[in-house]
$ cat my_file13.pdb   # PDB, C-alpha atoms
ATOM      1  CA  MET A   1      50.451 109.345 107.191
ATOM      2  CA  GLY A   2      53.059 111.980 108.049
ATOM      3  CA  ASP A   3      55.622 109.312 108.939
ATOM      4  CA  ASN A   4      55.180 107.604 105.567
ATOM      5  CA  PHE A   5      55.603 110.926 103.794
ATOM      6  CA  MET A   6      58.828 111.662 105.699
ATOM      7  CA  LYS A   7      60.204 108.195 104.968
ATOM      8  CA  LYS A   8      59.478 108.566 101.250
ATOM      9  CA  ARG A   9      61.065 112.017 101.259
ATOM     10  CA  ARG A  10      64.162 110.706 103.046
ATOM     11  CA  TYR A  11      64.355 107.800 100.611
ATOM     12  CA  SER A  12      64.130 110.195  97.644
ATOM     13  CA  GLU A  13      66.906 112.357  99.084
ATOM     14  CA  VAL A  14      69.198 109.357  99.651
ATOM     15  CA  LEU A  15      68.476 108.045  96.138
ATOM     16  CA  GLY A  16      69.106 111.482  94.641
ATOM     17  CA  ASN A  17      72.431 111.816  96.486
ATOM     18  CA  PHE A  18      73.438 108.331  95.349
ATOM     19  CA  LYS A  19      72.674 109.140  91.702
ATOM     20  CA  TYR A  20      74.631 112.385  91.955
ATOM     21  CA  GLU A  21      77.676 110.697  93.522
ATOM     22  CA  LEU A  22      77.517 107.906  90.925
ATOM     23  CA  LYS A  23      77.456 110.476  88.126
ATOM     24  CA  ILE A  24      80.494 112.259  89.599
ATOM     25  CA  ARG A  25      82.389 108.987  90.001
ATOM     26  CA  LEU A  26      81.635 107.886  86.437
ATOM     27  CA  ARG A  27      82.874 111.238  85.178
ATOM     28  CA  ASP A  28      86.083 110.844  87.216
ATOM     29  CA  TYR A  29      86.605 107.307  85.883
ATOM     30  CA  ALA A  30      86.114 108.530  82.317
ATOM     31  CA  LEU A  31      88.683 111.279  82.905
ATOM     32  CA  ALA A  32      91.102 108.769  84.444
ATOM     33  CA  PHE A  33      90.740 106.432  81.476
ATOM     34  CA  LYS A  34      91.294 109.324  79.080
ATOM     35  CA  VAL A  35      94.483 110.341  80.902
ATOM     36  CA  LEU A  36      95.646 106.713  80.912
ATOM     37  CA  LEU A  37      95.213 106.350  77.144
ATOM     38  CA  LYS A  38      97.254 109.487  76.477
ATOM     39  CA  ASN A  39     100.453 107.645  77.430
ATOM     40  CA  PRO A  40     101.149 104.428  75.451
ATOM     41  CA  LEU A  41     103.616 103.158  78.073
ATOM     42  CA  SER A  42     101.076 103.614  80.879
ATOM     43  CA  THR A  43      98.470 101.814  78.787
ATOM     44  CA  CYS A  44     100.938  98.987  78.199
ATOM     45  CA  GLY A  45     101.591  98.708  81.941
ATOM     46  CA  PHE A  46      97.880  98.609  82.690
ATOM     47  CA  PHE A  47      97.236  95.783  80.251
ATOM     48  CA  ILE A  48     100.295  93.836  81.431
ATOM     49  CA  ILE A  49      99.056  93.874  85.023
ATOM     50  CA  PHE A  50      95.462  93.259  83.974
ATOM     51  CA  GLY A  51      96.598  90.207  82.001
ATOM     52  CA  PHE A  52      98.778  89.048  84.899
ATOM     53  CA  VAL A  53      95.863  89.196  87.344
ATOM     54  CA  ILE A  54      93.484  87.403  84.963
ATOM     55  CA  LEU A  55      96.039  84.663  84.252
ATOM     56  CA  ALA A  56      96.699  84.241  87.960
ATOM     57  CA  ILE A  57      92.993  83.782  88.645
ATOM     58  CA  ILE A  58      92.265  81.310  85.845
ATOM     59  CA  SER A  59      95.688  79.601  85.658
ATOM     60  CA  PRO A  60      94.532  76.199  87.024
ATOM     61  CA  LEU A  61      91.851  76.131  84.331
ATOM     62  CA  ILE A  62      94.061  76.965  81.349
ATOM     63  CA  ALA A  63      97.326  75.258  82.335
ATOM     64  CA  PRO A  64      97.796  72.280  79.932
ATOM     65  CA  TYR A  65      99.375  70.145  82.672
ATOM     66  CA  PRO A  66      97.991  71.394  86.013
ATOM     67  CA  GLU A  67      99.118  68.218  87.756
ATOM     68  CA  ASP A  68     102.749  69.147  86.999
ATOM     69  CA  VAL A  69     102.856  71.319  90.099
ATOM     70  CA  ILE A  70     103.979  68.279  92.111
ATOM     71  CA  SER A  71     104.121  65.355  89.670
ATOM     72  CA  VAL A  72     107.330  63.779  88.311
ATOM     73  CA  HIS A  73     107.797  62.540  84.732
ATOM     74  CA  LEU A  74     111.393  61.416  84.276
ATOM     75  CA  ASP A  75     110.601  60.074  80.808
ATOM     76  CA  ARG A  76     110.192  63.655  79.486
ATOM     77  CA  ARG A  77     112.998  65.249  81.506
ATOM     78  CA  LEU A  78     114.601  68.463  80.121
ATOM     79  CA  LEU A  79     112.735  68.475  76.821
ATOM     80  CA  PRO A  80     113.272  71.654  74.739
ATOM     81  CA  PRO A  81     110.371  74.014  73.885
ATOM     82  CA  SER A  82     107.927  72.449  71.431
ATOM     83  CA  LEU A  83     104.256  72.540  70.489
ATOM     84  CA  GLU A  84     103.485  70.019  73.212
ATOM     85  CA  HIS A  85     105.555  71.882  75.819
ATOM     86  CA  PRO A  86     105.861  75.557  74.736
ATOM     87  CA  PHE A  87     108.388  76.389  77.476
ATOM     88  CA  GLY A  88     110.005  72.953  77.594
ATOM     89  CA  THR A  89     110.217  70.724  80.680
ATOM     90  CA  ASP A  90     112.363  70.929  83.823
ATOM     91  CA  ASP A  91     114.677  68.465  85.545
ATOM     92  CA  MET A  92     111.689  66.488  86.848
ATOM     93  CA  GLY A  93     109.904  66.365  83.486
ATOM     94  CA  ARG A  94     107.303  68.933  84.543
ATOM     95  CA  ASP A  95     105.831  71.311  81.979
ATOM     96  CA  ILE A  96     107.399  74.734  82.604
ATOM     97  CA  PHE A  97     104.575  76.604  80.845
ATOM     98  CA  SER A  98     102.016  75.131  83.278
ATOM     99  CA  ARG A  99     104.231  75.870  86.265
ATOM    100  CA  VAL A 100     104.783  79.483  85.159
ATOM    101  CA  LEU A 101     101.016  79.978  84.803
ATOM    102  CA  ILE A 102     100.262  78.486  88.218
ATOM    103  CA  GLY A 103     103.212  80.370  89.687
ATOM    104  CA  ALA A 104     101.467  83.606  88.645
ATOM    105  CA  ARG A 105      98.796  82.903  91.268
ATOM    106  CA  ILE A 106     101.469  82.421  93.960
ATOM    107  CA  SER A 107     103.181  85.663  92.929
ATOM    108  CA  LEU A 108      99.870  87.542  93.011
ATOM    109  CA  LYS A 109      99.142  86.249  96.526
ATOM    110  CA  ILE A 110     102.568  87.381  97.703
ATOM    111  CA  ILE A 111     102.154  90.844  96.187
ATOM    112  CA  VAL A 112      98.638  91.393  97.548
ATOM    113  CA  PHE A 113      99.457  90.183 101.066
ATOM    114  CA  VAL A 114     102.762  92.033 101.434
ATOM    115  CA  VAL A 115     101.752  95.322  99.819
ATOM    116  CA  PHE A 116      98.379  95.682 101.523
ATOM    117  CA  THR A 117      99.603  94.514 104.931
ATOM    118  CA  SER A 118     102.658  96.786 104.801
ATOM    119  CA  ALA A 119     100.550  99.735 103.655
ATOM    120  CA  LEU A 120      97.943  99.151 106.384
ATOM    121  CA  ILE A 121     100.513  98.947 109.167
ATOM    122  CA  GLY A 122     102.630 101.796 107.841
ATOM    123  CA  CYS A 123      99.690 104.133 107.165
ATOM    124  CA  ILE A 124      98.238 103.751 110.644
ATOM    125  CA  ILE A 125     101.602 104.165 112.357
ATOM    126  CA  GLY A 126     102.597 107.115 110.165
ATOM    127  CA  ALA A 127      99.254 108.902 110.620
ATOM    128  CA  ILE A 128      99.417 108.546 114.411
ATOM    129  CA  SER A 129     103.030 109.723 114.468
ATOM    130  CA  GLY A 130     102.458 112.761 112.283
ATOM    131  CA  PHE A 131      99.163 113.822 113.823
ATOM    132  CA  PHE A 132     100.131 113.544 117.489
ATOM    133  CA  GLY A 133     103.722 114.754 117.115
ATOM    134  CA  GLY A 134     105.905 115.339 120.165
ATOM    135  CA  LEU A 135     107.244 112.361 122.087
ATOM    136  CA  ILE A 136     104.996 109.883 120.242
ATOM    137  CA  ASP A 137     106.339 111.037 116.897
ATOM    138  CA  GLU A 138     109.933 110.911 118.156
ATOM    139  CA  VAL A 139     109.661 107.355 119.492
ATOM    140  CA  ILE A 140     107.859 105.990 116.421
ATOM    141  CA  MET A 141     110.247 107.628 113.972
ATOM    142  CA  ARG A 142     113.341 106.362 115.799
ATOM    143  CA  ILE A 143     111.944 102.817 115.639
ATOM    144  CA  THR A 144     111.214 103.359 111.958
ATOM    145  CA  ASP A 145     114.767 104.606 111.397
ATOM    146  CA  MET A 146     116.110 101.426 112.984
ATOM    147  CA  PHE A 147     114.320  99.350 110.321
ATOM    148  CA  LEU A 148     115.364 101.705 107.520
ATOM    149  CA  ALA A 149     119.015 101.563 108.604
ATOM    150  CA  PHE A 150     119.321  98.035 107.187
ATOM    151  CA  PRO A 151     119.075  97.176 103.476
ATOM    152  CA  SER A 152     115.596  95.727 102.996
ATOM    153  CA  LEU A 153     116.769  92.519 101.310
ATOM    154  CA  ILE A 154     119.415  91.818 103.978
ATOM    155  CA  LEU A 155     116.915  92.408 106.776
ATOM    156  CA  ALA A 156     114.323  90.214 105.033
ATOM    157  CA  MET A 157     116.947  87.461 104.674
ATOM    158  CA  ALA A 158     117.767  87.637 108.392
ATOM    159  CA  ILE A 159     114.097  87.504 109.451
ATOM    160  CA  ALA A 160     113.268  84.710 106.995
ATOM    161  CA  ALA A 161     116.278  82.691 108.182
ATOM    162  CA  ALA A 162     115.202  83.146 111.807
ATOM    163  CA  LEU A 163     111.604  82.115 111.093
ATOM    164  CA  GLY A 164     112.557  79.218 108.826
ATOM    165  CA  PRO A 165     112.461  78.816 105.037
ATOM    166  CA  SER A 166     108.901  78.877 103.704
ATOM    167  CA  ILE A 167     106.842  81.114 101.469
ATOM    168  CA  GLN A 168     104.669  82.268 104.396
ATOM    169  CA  ASN A 169     107.688  83.256 106.487
ATOM    170  CA  ALA A 170     109.186  85.042 103.486
ATOM    171  CA  MET A 171     106.029  87.153 103.160
ATOM    172  CA  ILE A 172     106.121  88.021 106.866
ATOM    173  CA  ALA A 173     109.797  88.950 106.565
ATOM    174  CA  ILE A 174     109.120  91.278 103.630
ATOM    175  CA  VAL A 175     106.253  92.973 105.521
ATOM    176  CA  PHE A 176     108.666  93.683 108.394
ATOM    177  CA  THR A 177     111.014  95.469 106.001
ATOM    178  CA  TRP A 178     108.385  97.334 103.959
ATOM    179  CA  TRP A 179     106.044  99.060 106.433
ATOM    180  CA  PRO A 180     108.537 101.801 107.474
ATOM    181  CA  TRP A 181     108.455 103.336 103.987
ATOM    182  CA  TYR A 182     104.692 103.823 104.225
ATOM    183  CA  ALA A 183     105.020 105.149 107.781
ATOM    184  CA  ARG A 184     107.498 107.794 106.589
ATOM    185  CA  LEU A 185     105.340 108.733 103.602
ATOM    186  CA  VAL A 186     102.091 109.096 105.564
ATOM    187  CA  ARG A 187     103.797 110.829 108.466
ATOM    188  CA  GLY A 188     104.970 113.594 106.135
ATOM    189  CA  GLN A 189     101.446 113.988 104.747
ATOM    190  CA  ALA A 190      99.940 114.005 108.254
ATOM    191  CA  LEU A 191     102.327 116.757 109.421
ATOM    192  CA  TYR A 192     101.027 118.937 106.594
ATOM    193  CA  LEU A 193      97.351 118.035 106.917
ATOM    194  CA  ARG A 194      97.096 118.558 110.678
ATOM    195  CA  GLU A 195      97.816 122.290 110.245
ATOM    196  CA  LEU A 196      95.044 122.865 107.700
ATOM    197  CA  PRO A 197      91.966 124.905 108.759
ATOM    198  CA  PHE A 198      89.427 122.081 108.306
ATOM    199  CA  ILE A 199      91.392 119.876 110.739
ATOM    200  CA  GLU A 200      91.509 122.734 113.248
ATOM    201  CA  ALA A 201      87.749 123.132 112.818
ATOM    202  CA  GLU A 202      87.198 119.413 113.510
ATOM    203  CA  LYS A 203      89.237 119.750 116.722
ATOM    204  CA  ALA A 204      87.285 122.843 117.725
ATOM    205  CA  ILE A 205      83.925 121.062 117.526
ATOM    206  CA  GLY A 206      85.270 118.269 119.737
ATOM    207  CA  LEU A 207      85.829 115.482 117.206
ATOM    208  CA  GLY A 208      88.094 112.780 118.670
ATOM    209  CA  ARG A 209      91.700 112.524 117.490
ATOM    210  CA  PHE A 210      91.451 108.972 116.249
ATOM    211  CA  ARG A 211      88.247 109.781 114.422
ATOM    212  CA  ILE A 212      89.995 112.709 112.714
ATOM    213  CA  ILE A 213      92.838 110.378 111.718
ATOM    214  CA  MET A 214      90.497 107.759 110.247
ATOM    215  CA  LYS A 215      88.038 110.200 108.669
ATOM    216  CA  HIS A 216      90.319 112.946 107.354
ATOM    217  CA  ILE A 217      94.049 112.264 107.663
ATOM    218  CA  LEU A 218      94.235 108.768 106.151
ATOM    219  CA  PRO A 219      91.785 109.384 103.253
ATOM    220  CA  ASN A 220      93.740 112.474 102.206
ATOM    221  CA  CYS A 221      96.994 110.479 102.192
ATOM    222  CA  MET A 222      95.738 107.784  99.829
ATOM    223  CA  GLY A 223      96.928 109.354  96.573
ATOM    224  CA  PRO A 224     100.690 109.052  97.253
ATOM    225  CA  VAL A 225     100.136 105.748  99.070
ATOM    226  CA  ILE A 226      98.386 104.141  96.076
ATOM    227  CA  VAL A 227     101.192 105.245  93.767
ATOM    228  CA  GLN A 228     103.778 103.851  96.197
ATOM    229  CA  MET A 229     101.860 100.560  96.448
ATOM    230  CA  SER A 230     101.849 100.115  92.680
ATOM    231  CA  LEU A 231     105.587 100.770  92.503
ATOM    232  CA  ASP A 232     106.323  98.545  95.499
ATOM    233  CA  ALA A 233     104.442  95.599  93.991
ATOM    234  CA  GLY A 234     107.242  94.990  91.494
ATOM    235  CA  TYR A 235     109.951  95.262  94.147
ATOM    236  CA  VAL A 236     108.032  92.896  96.426
ATOM    237  CA  LEU A 237     107.925  90.337  93.632
ATOM    238  CA  LEU A 238     111.677  90.736  93.098
ATOM    239  CA  THR A 239     112.400  90.417  96.825
ATOM    240  CA  ALA A 240     110.234  87.319  97.192
ATOM    241  CA  ALA A 241     111.886  85.779  94.124
ATOM    242  CA  GLY A 242     115.298  86.633  95.577
ATOM    243  CA  LEU A 243     114.504  84.942  98.887
ATOM    244  CA  SER A 244     113.276  81.851  97.050
ATOM    245  CA  PHE A 245     116.367  81.924  94.830
ATOM    246  CA  ILE A 246     118.698  81.622  97.834
ATOM    247  CA  GLY A 247     116.524  79.013  99.557
ATOM    248  CA  LEU A 248     114.788  81.178 102.186
ATOM    249  CA  GLY A 249     111.411  81.460 100.458
ATOM    250  CA  ALA A 250     109.276  78.929  98.603
ATOM    251  CA  GLN A 251     110.448  75.336  98.806
ATOM    252  CA  PRO A 252     110.259  72.588  96.133
ATOM    253  CA  PRO A 253     108.017  71.575  94.461
ATOM    254  CA  THR A 254     106.206  74.942  94.751
ATOM    255  CA  PRO A 255     106.080  76.568  91.271
ATOM    256  CA  GLU A 256     107.323  79.942  92.485
ATOM    257  CA  TRP A 257     109.169  81.898  89.800
ATOM    258  CA  GLY A 258     112.270  82.713  91.847
ATOM    259  CA  LEU A 259     112.621  79.089  92.939
ATOM    260  CA  MET A 260     112.220  77.898  89.334
ATOM    261  CA  VAL A 261     115.034  80.244  88.255
ATOM    262  CA  SER A 262     117.217  78.950  91.093
ATOM    263  CA  ILE A 263     116.692  75.304  90.162
ATOM    264  CA  GLY A 264     117.111  76.001  86.453
ATOM    265  CA  ARG A 265     120.453  77.792  86.869
ATOM    266  CA  MET A 266     122.093  74.443  87.596
ATOM    267  CA  TYR A 267     121.306  73.398  84.019
ATOM    268  CA  MET A 268     122.585  76.540  82.293
ATOM    269  CA  PRO A 269     123.464  77.108  79.515
ATOM    270  CA  GLN A 270     122.619  73.832  77.801
ATOM    271  CA  TRP A 271     119.047  73.619  79.107
ATOM    272  CA  TRP A 272     118.510  77.393  79.207
ATOM    273  CA  TRP A 273     114.712  77.288  79.105
ATOM    274  CA  CYS A 274     114.468  76.073  82.726
ATOM    275  CA  SER A 275     115.499  79.517  84.036
ATOM    276  CA  PHE A 276     114.764  81.717  81.047
ATOM    277  CA  PHE A 277     110.955  81.628  80.977
ATOM    278  CA  PRO A 278     110.352  82.129  84.742
ATOM    279  CA  GLY A 279     112.893  84.966  84.613
ATOM    280  CA  VAL A 280     111.089  86.596  81.699
ATOM    281  CA  ALA A 281     107.790  86.317  83.600
ATOM    282  CA  ILE A 282     109.346  88.168  86.553
ATOM    283  CA  MET A 283     110.777  90.851  84.258
ATOM    284  CA  ILE A 284     107.483  91.480  82.422
ATOM    285  CA  VAL A 285     105.379  91.733  85.598
ATOM    286  CA  VAL A 286     107.858  94.044  87.345
ATOM    287  CA  LEU A 287     107.992  96.245  84.242
ATOM    288  CA  GLY A 288     104.185  96.320  84.141
ATOM    289  CA  PHE A 289     103.934  97.473  87.760
ATOM    290  CA  ASN A 290     106.520 100.218  87.191
ATOM    291  CA  LEU A 291     104.645 101.504  84.146
ATOM    292  CA  LEU A 292     101.350 101.300  86.023
ATOM    293  CA  GLY A 293     102.849 103.290  88.891
ATOM    294  CA  ASP A 294     103.747 106.095  86.468
ATOM    295  CA  ALA A 295     100.178 106.030  85.138
ATOM    296  CA  LEU A 296      98.690 106.250  88.623
ATOM    297  CA  ARG A 297     100.973 109.144  89.452
ATOM    298  CA  GLU A 298      99.540 111.034  86.490
ATOM    299  CA  LEU A 299      95.968 110.152  87.461
ATOM    300  CA  LEU A 300      96.320 111.069  91.134
ATOM    301  CA  GLU A 301      98.533 114.165  90.681
ATOM    302  CA  PRO A 302      96.449 116.825  88.894
ATOM    303  CA  ARG A 303      99.571 118.963  88.312
ATOM    304  CA  MET A 304     101.030 116.186  86.104
ATOM    305  CA  ARG A 305      97.996 116.051  83.776
ATOM    306  CA  ARG A 306      98.425 117.691  80.399
TER
END

$ encode --input "my_file13.pdb" --output "structure tokens"
Amino acid sequence: MGDNFMKKRRYSEVLGNFKYELKIRLRDYALAFKVLLKNPLSTCGFFIIFGFVILAIISPLIAPYPEDVISVHLDRRLLPPSLEHPFGTDDMGRDIFSRVLIGARISLKIIVFVVFTSALIGCIIGAISGFFGGLIDEVIMRITDMFLAFPSLILAMAIAAALGPSIQNAMIAIVFTWWPWYARLVRGQALYLRELPFIEAEKAIGLGRFRIIMKHILPNCMGPVIVQMSLDAGYVLLTAAGLSFIGLGAQPPTPEWGLMVSIGRMYMPQWWWCSFFPGVAIMIVVLGFNLLGDALRELLEPRMRR
């Protein structure tokens, strides 16, 4: 009888805590949405990226010619934009509008893989470096400086060329060039956080170092990291498109935007639509991520709220 009473009491406490935390989170989300709507440019960036993600997910369902990813139709080669082909057709007679839509899914995969993998690697390395300090910090930071000494695009080109031209190798190459920025960012945060009283208290009660890193250091570094991730997403898309443009990324007939621009440039300026529409897609998405990054900075930096 007593055990049942204790279980019910424990269940009520857990449920009460859950309801309280849910209420706090909903209030925070409402405040975040209110701050977002205060800036029209931030709102525009949010809806651009929201639309980009939705289109990437449903692109095979809404593309008018989904088979044009790999098919060839020489009878409709280089047709100008029309009602039947809103963005025209390319040198193989493929519908550019369909390829741009399906290419959005490829671009989203590249962004998600590169940004999250780079952030994961960089955050862990930076937190360990900043928290432990001393020789560990010195060794890790000198390795990081070696990567940062090279321009990211040049280093990505060298790694992609060594691994071989493919979209998978291009993503790996970009990860190799991107993680040091997160390591530097988190390391600076960890150097500050490790001196705070609550970290000293955790050490005093015998909490393990790695547990402190995972439980306290990394969660308190997430604000700047999330902002950096949103800003990096646009640059990752540009870098991947650049690698594909010079032949070190996606290979034909993959409908990757940078590759489509590269192929279309051979038909400029007479058949301008082959490069124009994929280029505009890149520009709009990169702009959206930059605007979204500014919005996240306002949301995650209380001092910037007005």

$ atom_distance --input "my_file13.pdb" --atom1 "CA of Pro252 (chain A)" --atom2 "CA of Ser71 (chain A)"
11.5 Å

$ closest_atom_pairs --input "my_file13.pdb" --of "region 133-161 of chain A" --to "region 191-215 of chain A" --cutoff "12 Å" --atoms "all atoms listed in the file" --output "JSON lines"
{"residue": "A:Gly133", "atom": "CA", "partner": "A:Leu191", "partner_atom": "CA", "distance": 8.1}
{"residue": "A:Gly134", "atom": "CA", "partner": "A:Leu191", "partner_atom": "CA", "distance": 11.4}
{"residue": "A:Asp137", "atom": "CA", "partner": "A:Leu191", "partner_atom": "CA", "distance": 10.2}

$ residues_around --input "my_file13.pdb" --residues "region 159-171 of chain A" --least-positions-apart "4" --cutoff "10 Å" --atoms "all atoms listed in the file" --output "PDB file with C-alpha atoms, in the frame of the given file"
ATOM      1  CA  ILE A 106     101.469  82.421  93.960  1.00  0.00           C
ATOM      2  CA  LYS A 109      99.142  86.249  96.526  1.00  0.00           C
ATOM      3  CA  ILE A 110     102.568  87.381  97.703  1.00  0.00           C
ATOM      4  CA  ILE A 111     102.154  90.844  96.187  1.00  0.00           C
ATOM      5  CA  PHE A 113      99.457  90.183 101.066  1.00  0.00           C
ATOM      6  CA  VAL A 114     102.762  92.033 101.434  1.00  0.00           C
ATOM      7  CA  VAL A 115     101.752  95.322  99.819  1.00  0.00           C
ATOM      8  CA  THR A 117      99.603  94.514 104.931  1.00  0.00           C
ATOM      9  CA  LEU A 153     116.769  92.519 101.310  1.00  0.00           C
ATOM     10  CA  ILE A 154     119.415  91.818 103.978  1.00  0.00           C
ATOM     11  CA  LEU A 155     116.915  92.408 106.776  1.00  0.00           C
ATOM     12  CA  VAL A 175     106.253  92.973 105.521  1.00  0.00           C
ATOM     13  CA  PHE A 176     108.666  93.683 108.394  1.00  0.00           C
ATOM     14  CA  THR A 177     111.014  95.469 106.001  1.00  0.00           C
ATOM     15  CA  VAL A 236     108.032  92.896  96.426  1.00  0.00           C
ATOM     16  CA  THR A 239     112.400  90.417  96.825  1.00  0.00           C
ATOM     17  CA  ALA A 240     110.234  87.319  97.192  1.00  0.00           C
ATOM     18  CA  ALA A 241     111.886  85.779  94.124  1.00  0.00           C
ATOM     19  CA  LEU A 243     114.504  84.942  98.887  1.00  0.00           C
ATOM     20  CA  SER A 244     113.276  81.851  97.050  1.00  0.00           C
ATOM     21  CA  ILE A 246     118.698  81.622  97.834  1.00  0.00           C
ATOM     22  CA  GLY A 247     116.524  79.013  99.557  1.00  0.00           C
ATOM     23  CA  LEU A 248     114.788  81.178 102.186  1.00  0.00           C
ATOM     24  CA  GLY A 249     111.411  81.460 100.458  1.00  0.00           C
ATOM     25  CA  ALA A 250     109.276  78.929  98.603  1.00  0.00           C
ATOM     26  CA  GLN A 251     110.448  75.336  98.806  1.00  0.00           C
ATOM     27  CA  PRO A 252     110.259  72.588  96.133  1.00  0.00           C
ATOM     28  CA  THR A 254     106.206  74.942  94.751  1.00  0.00           C
ATOM     29  CA  GLU A 256     107.323  79.942  92.485  1.00  0.00           C
TER      30      GLU A 256
END

$ residues_around --input "my_file13.pdb" --residues "Tyr267 (chain A)" --least-positions-apart "6" --cutoff "12 Å" --atoms "only C-alpha atoms" --output "PDB file with C-alpha atoms, in the coordinates of the input"
ATOM      1  CA  ARG A  77     112.998  65.249  81.506  1.00  0.00           C
ATOM      2  CA  LEU A  78     114.601  68.463  80.121  1.00  0.00           C
ATOM      3  CA  THR A  89     110.217  70.724  80.680  1.00  0.00           C
ATOM      4  CA  ASP A  90     112.363  70.929  83.823  1.00  0.00           C
ATOM      5  CA  ASP A  91     114.677  68.465  85.545  1.00  0.00           C
ATOM      6  CA  MET A 260     112.220  77.898  89.334  1.00  0.00           C
ATOM      7  CA  VAL A 261     115.034  80.244  88.255  1.00  0.00           C
ATOM      8  CA  TRP A 273     114.712  77.288  79.105  1.00  0.00           C
ATOM      9  CA  CYS A 274     114.468  76.073  82.726  1.00  0.00           C
ATOM     10  CA  SER A 275     115.499  79.517  84.036  1.00  0.00           C
ATOM     11  CA  PHE A 276     114.764  81.717  81.047  1.00  0.00           C
TER      12      PHE A 276
END

$ closest_residue --input "my_file13.pdb" --among "A:Tyr182, A:Phe289, A:Trp257, A:Phe277" --to "Tyr235 (chain A)" --atoms "only C-alpha atoms"
A:Phe289

$ atom_distance --input "my_file13.pdb" --atom1 "CA of Leu231 (chain A)" --atom2 "CA of Trp181 (chain A)"
12.1 Å

$ closest_residue --input "my_file13.pdb" --among "A:Glu298, A:Glu138, A:Asp145, A:Asp232" --to "Trp178 (chain A)" --atoms "only C-alpha atoms"
A:Asp232

$ atom_distance --input "my_file13.pdb" --atom1 "CA of Ser152 (chain A)" --atom2 "CA of Ile174 (chain A)"
7.9 Å
